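Data from target35.txt: compact mmCIF, N, CA and C atoms
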```
# COMPACT_ATOMS: atom_id res chain seq x y z
N MET D 1 -140.27 -61.41 165.93
CA MET D 1 -140.70 -61.24 167.30
C MET D 1 -139.53 -61.35 168.26
N SER D 2 -138.58 -62.22 167.94
CA SER D 2 -137.47 -62.42 168.87
C SER D 2 -136.53 -61.21 168.90
N TRP D 3 -136.38 -60.51 167.78
CA TRP D 3 -135.51 -59.32 167.78
C TRP D 3 -136.11 -58.23 168.65
N LEU D 4 -137.44 -58.12 168.66
CA LEU D 4 -138.09 -57.14 169.52
C LEU D 4 -137.86 -57.48 170.99
N PHE D 5 -137.96 -58.75 171.31
CA PHE D 5 -137.71 -59.18 172.68
C PHE D 5 -136.29 -58.86 173.10
N VAL D 6 -135.34 -59.14 172.23
CA VAL D 6 -133.92 -58.87 172.54
C VAL D 6 -133.70 -57.38 172.76
N VAL D 7 -134.28 -56.55 171.91
CA VAL D 7 -134.13 -55.10 172.06
C VAL D 7 -134.73 -54.63 173.39
N LEU D 8 -135.93 -55.13 173.71
CA LEU D 8 -136.57 -54.71 174.96
C LEU D 8 -135.79 -55.20 176.19
N VAL D 9 -135.24 -56.40 176.13
CA VAL D 9 -134.44 -56.89 177.26
C VAL D 9 -133.17 -56.07 177.41
N VAL D 10 -132.52 -55.76 176.31
CA VAL D 10 -131.29 -54.94 176.37
C VAL D 10 -131.60 -53.57 176.96
N LEU D 11 -132.69 -52.96 176.52
CA LEU D 11 -133.06 -51.64 177.06
C LEU D 11 -133.41 -51.72 178.54
N THR D 12 -134.12 -52.77 178.93
CA THR D 12 -134.50 -52.92 180.34
C THR D 12 -133.27 -53.15 181.22
N VAL D 13 -132.38 -54.02 180.78
CA VAL D 13 -131.15 -54.27 181.55
C VAL D 13 -130.29 -53.02 181.57
N GLY D 14 -130.20 -52.32 180.45
CA GLY D 14 -129.43 -51.07 180.41
C GLY D 14 -129.97 -50.03 181.37
N GLN D 15 -131.29 -49.93 181.44
CA GLN D 15 -131.89 -48.99 182.39
C GLN D 15 -131.61 -49.42 183.83
N GLY D 16 -131.63 -50.73 184.08
CA GLY D 16 -131.31 -51.22 185.42
C GLY D 16 -129.88 -50.93 185.82
N VAL D 17 -128.96 -51.14 184.89
CA VAL D 17 -127.54 -50.86 185.17
C VAL D 17 -127.32 -49.37 185.39
N ARG D 18 -127.97 -48.56 184.56
CA ARG D 18 -127.85 -47.11 184.73
C ARG D 18 -128.38 -46.68 186.10
N GLY D 19 -129.47 -47.30 186.52
CA GLY D 19 -130.03 -46.98 187.84
C GLY D 19 -129.13 -47.42 188.97
N LEU D 20 -128.41 -48.52 188.78
CA LEU D 20 -127.49 -48.97 189.82
C LEU D 20 -126.31 -48.03 190.00
N PHE D 21 -125.76 -47.54 188.88
CA PHE D 21 -124.57 -46.70 188.97
C PHE D 21 -124.87 -45.24 189.24
N TRP D 22 -125.99 -44.75 188.74
CA TRP D 22 -126.29 -43.33 188.90
C TRP D 22 -127.48 -43.06 189.81
N GLY D 23 -128.00 -44.09 190.44
CA GLY D 23 -129.10 -43.93 191.39
C GLY D 23 -130.39 -43.55 190.70
N GLY D 24 -131.23 -42.88 191.42
CA GLY D 24 -132.49 -42.43 190.86
C GLY D 24 -133.67 -43.30 191.29
N GLY D 25 -133.39 -44.39 191.99
CA GLY D 25 -134.48 -45.23 192.47
C GLY D 25 -135.24 -45.90 191.34
N GLY D 26 -136.40 -46.40 191.65
CA GLY D 26 -137.24 -47.03 190.65
C GLY D 26 -136.74 -48.38 190.17
N GLN D 27 -135.90 -49.03 190.98
CA GLN D 27 -135.38 -50.33 190.57
C GLN D 27 -136.47 -51.39 190.54
N TRP D 28 -137.49 -51.23 191.37
CA TRP D 28 -138.58 -52.20 191.36
C TRP D 28 -139.30 -52.19 190.02
N ALA D 29 -139.44 -51.01 189.44
CA ALA D 29 -140.11 -50.91 188.14
C ALA D 29 -139.30 -51.63 187.06
N VAL D 30 -137.98 -51.51 187.11
CA VAL D 30 -137.13 -52.18 186.14
C VAL D 30 -137.19 -53.69 186.33
N CYS D 31 -137.16 -54.14 187.57
CA CYS D 31 -137.26 -55.58 187.85
C CYS D 31 -138.61 -56.12 187.39
N LEU D 32 -139.67 -55.37 187.65
CA LEU D 32 -141.00 -55.79 187.23
C LEU D 32 -141.10 -55.83 185.70
N ALA D 33 -140.50 -54.87 185.01
CA ALA D 33 -140.51 -54.86 183.55
C ALA D 33 -139.76 -56.07 183.00
N PHE D 34 -138.64 -56.41 183.61
CA PHE D 34 -137.87 -57.57 183.16
C PHE D 34 -138.65 -58.86 183.36
N VAL D 35 -139.29 -59.01 184.51
CA VAL D 35 -140.10 -60.20 184.77
C VAL D 35 -141.28 -60.26 183.79
N ALA D 36 -141.90 -59.12 183.51
CA ALA D 36 -143.02 -59.09 182.56
C ALA D 36 -142.56 -59.49 181.16
N LEU D 37 -141.39 -59.03 180.75
CA LEU D 37 -140.85 -59.42 179.44
C LEU D 37 -140.60 -60.92 179.37
N CYS D 38 -140.01 -61.47 180.41
CA CYS D 38 -139.75 -62.92 180.43
C CYS D 38 -141.05 -63.71 180.43
N ALA D 39 -142.04 -63.25 181.19
CA ALA D 39 -143.34 -63.94 181.23
C ALA D 39 -144.03 -63.87 179.87
N ALA D 40 -143.96 -62.71 179.22
CA ALA D 40 -144.58 -62.57 177.90
C ALA D 40 -143.90 -63.49 176.89
N ARG D 41 -142.60 -63.58 176.97
CA ARG D 41 -141.86 -64.47 176.06
C ARG D 41 -142.26 -65.93 176.29
N TRP D 42 -142.41 -66.31 177.54
CA TRP D 42 -142.79 -67.68 177.87
C TRP D 42 -144.20 -67.98 177.37
N ILE D 43 -145.12 -67.03 177.56
CA ILE D 43 -146.51 -67.23 177.12
C ILE D 43 -146.57 -67.32 175.60
N PHE D 44 -145.87 -66.44 174.89
CA PHE D 44 -145.94 -66.44 173.44
C PHE D 44 -145.28 -67.67 172.83
N ASN D 45 -144.37 -68.31 173.53
CA ASN D 45 -143.74 -69.53 173.04
C ASN D 45 -144.47 -70.79 173.49
N CYS D 46 -145.49 -70.63 174.29
CA CYS D 46 -146.22 -71.77 174.84
C CYS D 46 -147.06 -72.43 173.74
N GLN D 47 -147.16 -73.75 173.77
CA GLN D 47 -147.92 -74.48 172.76
C GLN D 47 -149.40 -74.12 172.83
N ALA D 48 -149.92 -73.89 174.01
CA ALA D 48 -151.34 -73.53 174.14
C ALA D 48 -151.64 -72.22 173.42
N PHE D 49 -150.73 -71.27 173.48
CA PHE D 49 -150.94 -70.00 172.80
C PHE D 49 -150.96 -70.20 171.29
N VAL D 50 -150.07 -71.04 170.78
CA VAL D 50 -150.04 -71.33 169.35
C VAL D 50 -151.34 -71.99 168.92
N LEU D 51 -151.82 -72.94 169.70
CA LEU D 51 -153.09 -73.59 169.38
C LEU D 51 -154.25 -72.61 169.41
N PHE D 52 -154.24 -71.68 170.35
CA PHE D 52 -155.28 -70.66 170.42
C PHE D 52 -155.26 -69.78 169.18
N ILE D 53 -154.08 -69.38 168.74
CA ILE D 53 -153.96 -68.57 167.53
C ILE D 53 -154.48 -69.33 166.31
N LEU D 54 -154.13 -70.59 166.20
CA LEU D 54 -154.63 -71.41 165.08
C LEU D 54 -156.14 -71.53 165.13
N TYR D 55 -156.70 -71.71 166.31
CA TYR D 55 -158.15 -71.80 166.46
C TYR D 55 -158.82 -70.49 166.01
N CYS D 56 -158.28 -69.36 166.45
CA CYS D 56 -158.87 -68.06 166.07
C CYS D 56 -158.80 -67.85 164.56
N ARG D 57 -157.69 -68.17 163.95
CA ARG D 57 -157.56 -68.00 162.50
C ARG D 57 -158.50 -68.92 161.75
N THR D 58 -158.62 -70.16 162.21
CA THR D 58 -159.51 -71.11 161.56
C THR D 58 -160.96 -70.63 161.66
N ARG D 59 -161.33 -70.15 162.81
CA ARG D 59 -162.70 -69.64 163.01
C ARG D 59 -162.95 -68.43 162.12
N ARG D 60 -162.00 -67.53 162.03
CA ARG D 60 -162.15 -66.35 161.19
C ARG D 60 -162.25 -66.74 159.72
N MET D 61 -161.45 -67.70 159.30
CA MET D 61 -161.51 -68.15 157.91
C MET D 61 -162.85 -68.82 157.61
N ALA D 62 -163.38 -69.61 158.55
CA ALA D 62 -164.67 -70.25 158.36
C ALA D 62 -165.78 -69.22 158.23
N THR D 63 -165.70 -68.16 159.02
CA THR D 63 -166.69 -67.09 158.95
C THR D 63 -166.62 -66.39 157.60
N LEU D 64 -165.43 -66.12 157.11
CA LEU D 64 -165.28 -65.47 155.81
C LEU D 64 -165.79 -66.35 154.68
N VAL D 65 -165.51 -67.64 154.75
CA VAL D 65 -166.00 -68.57 153.72
C VAL D 65 -167.52 -68.61 153.72
N ARG D 66 -168.13 -68.63 154.91
CA ARG D 66 -169.59 -68.61 155.01
C ARG D 66 -170.17 -67.35 154.38
N GLN D 67 -169.54 -66.22 154.64
CA GLN D 67 -170.02 -64.96 154.07
C GLN D 67 -169.87 -64.96 152.55
N LEU D 68 -168.78 -65.50 152.04
CA LEU D 68 -168.58 -65.54 150.59
C LEU D 68 -169.59 -66.48 149.92
N ARG D 69 -169.96 -67.56 150.56
CA ARG D 69 -170.94 -68.49 149.99
C ARG D 69 -172.33 -67.90 149.95
N GLN D 70 -172.63 -67.02 150.89
CA GLN D 70 -173.95 -66.41 150.93
C GLN D 70 -174.14 -65.38 149.83
N HIS D 71 -173.07 -64.79 149.33
CA HIS D 71 -173.19 -63.74 148.31
C HIS D 71 -173.09 -64.31 146.97
```
The structure in this file should be written as structure tokens.
Amino acid sequence: MSWLFVVLVVLTVGQGVRGLFWGGGGQWAVCLAFVALCAARWIFNCQAFVLFILYCRTRRMATLVRQLRQH
């Protein structure tokens, strides 16, 4: 997951630098993309997100075990 984040940040920063030197506008979109990437990284590293994922997996496993016991 971290390599994908690094690639996306490099591409976003590269697009921002290209926009600064060669114009073309749309810098707000690049800034917004960078902020969204940083926010997504923060959310995915948050302990609450990890606990939510564990809860979902545990619930799914319990459902599968119940189905297997019924058959």
For a test of reading the model, state the distance in Å between atom CA of Ser2 of chain D and atom C of Ala40 of chain D, rounded to one decimal. 10.3 Å
Å distance separating atom CA of Gly16 of chain D from atom CA of Cys38 of chain D, one decimal place: 15.3 Å
Which polymer residues have any atom within 10 Å of an atom of segment 30-35 of chain D, counting only C-alpha atoms, with same-chain residues fewer than 2 positions away left out, as a list of chain:residue names?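 Non-adjacent residues within range: D:Leu8, D:Val9, D:Val10, D:Leu11, D:Thr12, D:Val13, D:Gly14, D:Gln15, D:Gly16, D:Val17, D:Gly19, D:Gly25, D:Gly26, D:Gln27, D:Trp28, D:Leu37, D:Cys38, D:Ala39, D:Ala40, D:Arg41.
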A straight line from atom CA of Trp22 of chain D to atom N of Val6 of chain D spans 24.7 Å
